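This report concerns only the one structure given below.
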Amino acid sequence: MVAGVQIHTKVDAHSPQSHILTDDALAFLAALHRTFESTRHSLLVARDIAQRKFDSGVPLDFPPETAHIRAEPSWHCAPPAPGLEDRRVEITGPTDRKMVINALNSGAKTFMADFEDSSAPTFANMINGQVNLRDAIKRQIDFESGGKKYKLSEKPAVLIVRPRGWHLDETRITVDNTPVSGSLFDFGLYFFHNAKELIKRGSGPYFYLPKMEHYLEARLWNDVFLFSQSYIRIPHNTIRATVLIETLPAAFQMEEILFELRNHSAGLNCGRWDYIFSAIKKRRADRSAVLPDRKDVTMTVPFMDSRKVAAMGGMSAQIPIKDDPQANEVAMEKVRADKLREVTAGHDGTWIAHPLINQIARKVFDENMLGPNQYHVRREDVKVAAADLLNSSVPGKITEDGIRSNVSVALAYCGAWIGGNGCIPLNYLMEDAATAEIARVQLWQWVKYGARIDTGEQITTQHPGIKKIAPGVKENQLSIAKKYLMEQIRQQWPSEFLTSDLMPYLTMADGVEDKWYRSSL
């Protein structure tokens, strides 16, 4: 055992999990925690202070102290690392063994293996995910299930890993009686076990960084990268990280975020769903920022389109509609139009959630992006003002169907998440924490400000019935989700993240008394 480190749940000493939670790996986690936890905590406090300013009417704006960074053209980010030159289609998904093989074999250029929004962080999910990624890197992941063989192809997609955001704790592991950061836990175990093997195989330790709200949070990641590379004695600037611009504050600090990570940067990504969630949450005290049905808040409305991130495009959550060819063609045409908008705007690639969408996205990018990327498309013609990023004028309306859809998504997802499933198909869309968060805060916003549906009826806490529930959700899980949602829409302000709110249920299921979260139950 490592001094000061405690594992608060059972790990079979003879299981593959024990090969992840080695003393050396735990010592690395402890070093990360002791070096960076106080900074992480101070940055999370800074988020709360910033929110109170927004609530008081102080508008979001570009930071004046970093104007010189935005104005200085001489600095550049790192060149693309091996395997990241061409990212025209990226598939994303959780880290279960079958998903990892199917995604790596999908034909997409890269696979973002997700420990965050599409994973429910049970301890088994988090550690087994680490086992699966380690086995995939070593080409030892093949298995058989139900008479079907799952085998990795000769040329799988390049692997990129998304750890949890800075706000989440890993309560099953403590260092000096304090939970470790979920971010550092996911990053640390993956990096420690796989960085050298990835380099040996001609790739490298590549990451997606979620939920950042300030350039100082990017600086913290950069410091973590420098420390980690020195710790295992690999060259600095080997790590590459793509930042998801999925919070409203981050949209005002994109250049600064790139600057902080410049020697480790692999660009930016338009995190469209979390961005909508953040826009509602950060402007929660602004009655004028009420949005219509989620389906009407597309990437072409002002506050979304004004970001002009000339890097990775956003997620297509569509799932093929196999039992209705006509409806499927309509849905796939929307996917084509979305991807065409991205590639013609100068994006270097796009995200998909289902392997069968790969051909559609790939065809659009192949026809319109002849080289491996569009780094030469600088889009210097685009000038974005703060008012553009705050323009919440969205054509559309609030409907009863929109309310029912939000209730269905929020309840189905929360119920599934409590049961250990972080990614569910619902109404031919792949729903994860980000889309459930939009549903939750939209319901809160509509009730808070007495919004009316298109028939003139005022929206109240008496929510309508559920259209559809995800398979496998048990009655007790649904009851917890109903209670949680009702409490949320009645609060003065919505809470920060449903994943933080519901984490105690996963912790208790792992046999841990969660004293850090107990008050939220």
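Residues in the structure tokens are numbered from 1 in each chain, the chains being A, B, ... in the order shown, and ligands are numbered from 1 in the order shown.
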Which residues of segment 174-248 of chain A sit at most 9 Å from segment 132-155 of chain A, using only C-alpha atoms? Give each one's shortest atom pair and distance in Å (one decimal place), in chain and ascending residue order, as CSV.
```
residue,atom,partner,partner_atom,distance
A:Tyr190,CA,A:Arg134,CA,7.7
A:His193,CA,A:Arg134,CA,7.2
A:Asn194,CA,A:Arg134,CA,6.5
A:Glu197,CA,A:Ile137,CA,7.5
A:Leu198,CA,A:Ile137,CA,6.9
A:Arg201,CA,A:Ile137,CA,8.6
```
For C-alpha atoms, I'd like the residues from the last selection saved as a PDB file, in the first residue's frame.
```
ATOM      1  CA  TYR A 190      -4.455   5.966 -18.340  1.00  0.00           C
ATOM      2  CA  HIS A 193      -0.043   2.617 -17.721  1.00  0.00           C
ATOM      3  CA  ASN A 194      -0.100   3.479 -21.428  1.00  0.00           C
ATOM      4  CA  GLU A 197       3.426   1.838 -24.945  1.00  0.00           C
ATOM      5  CA  LEU A 198       1.545   4.347 -27.121  1.00  0.00           C
ATOM      6  CA  ARG A 201       3.590   2.052 -31.244  1.00  0.00           C
TER       7      ARG A 201
END
```
Which polymer residues have any atom within 10 Å of an atom of Trp493 of chain A, counting only C-alpha atoms, with same-chain residues fewer than 5 positions away left out, as a VMD selection string? chain A and resid 281 284 to 285 441 444 to 445 448 488
Go through A:Asp24, A:Met1, A:Asp401, A:Asn102 one by one, measure the shortest atom-to-atom distance of each to Leu189 of chain A using only C-alpha atoms, and give the residue with the smallest value. A:Asp24
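Going from atom CA of Glu85 of chain A over to atom CA of Ile352 of chain A, you cover 18.4 Å.
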Give me every alpha helix (DSSP H) residue in segment 237-394 of chain A, going by DSSP on the backbone, as a ChimeraX atom specification. /A:248-251,254-260,272-282,302-305,325-345,358-368,386-389
Excluding same-chain residues fewer than 3 positions from segment 47-64 of chain A, what lies within 7 Å of it counting only C-alpha atoms, as a list in words? Leu43, Leu44, Ala67, Phe252, Gln253, Lys282, Arg283, Ala285 and Ala386 of chain A
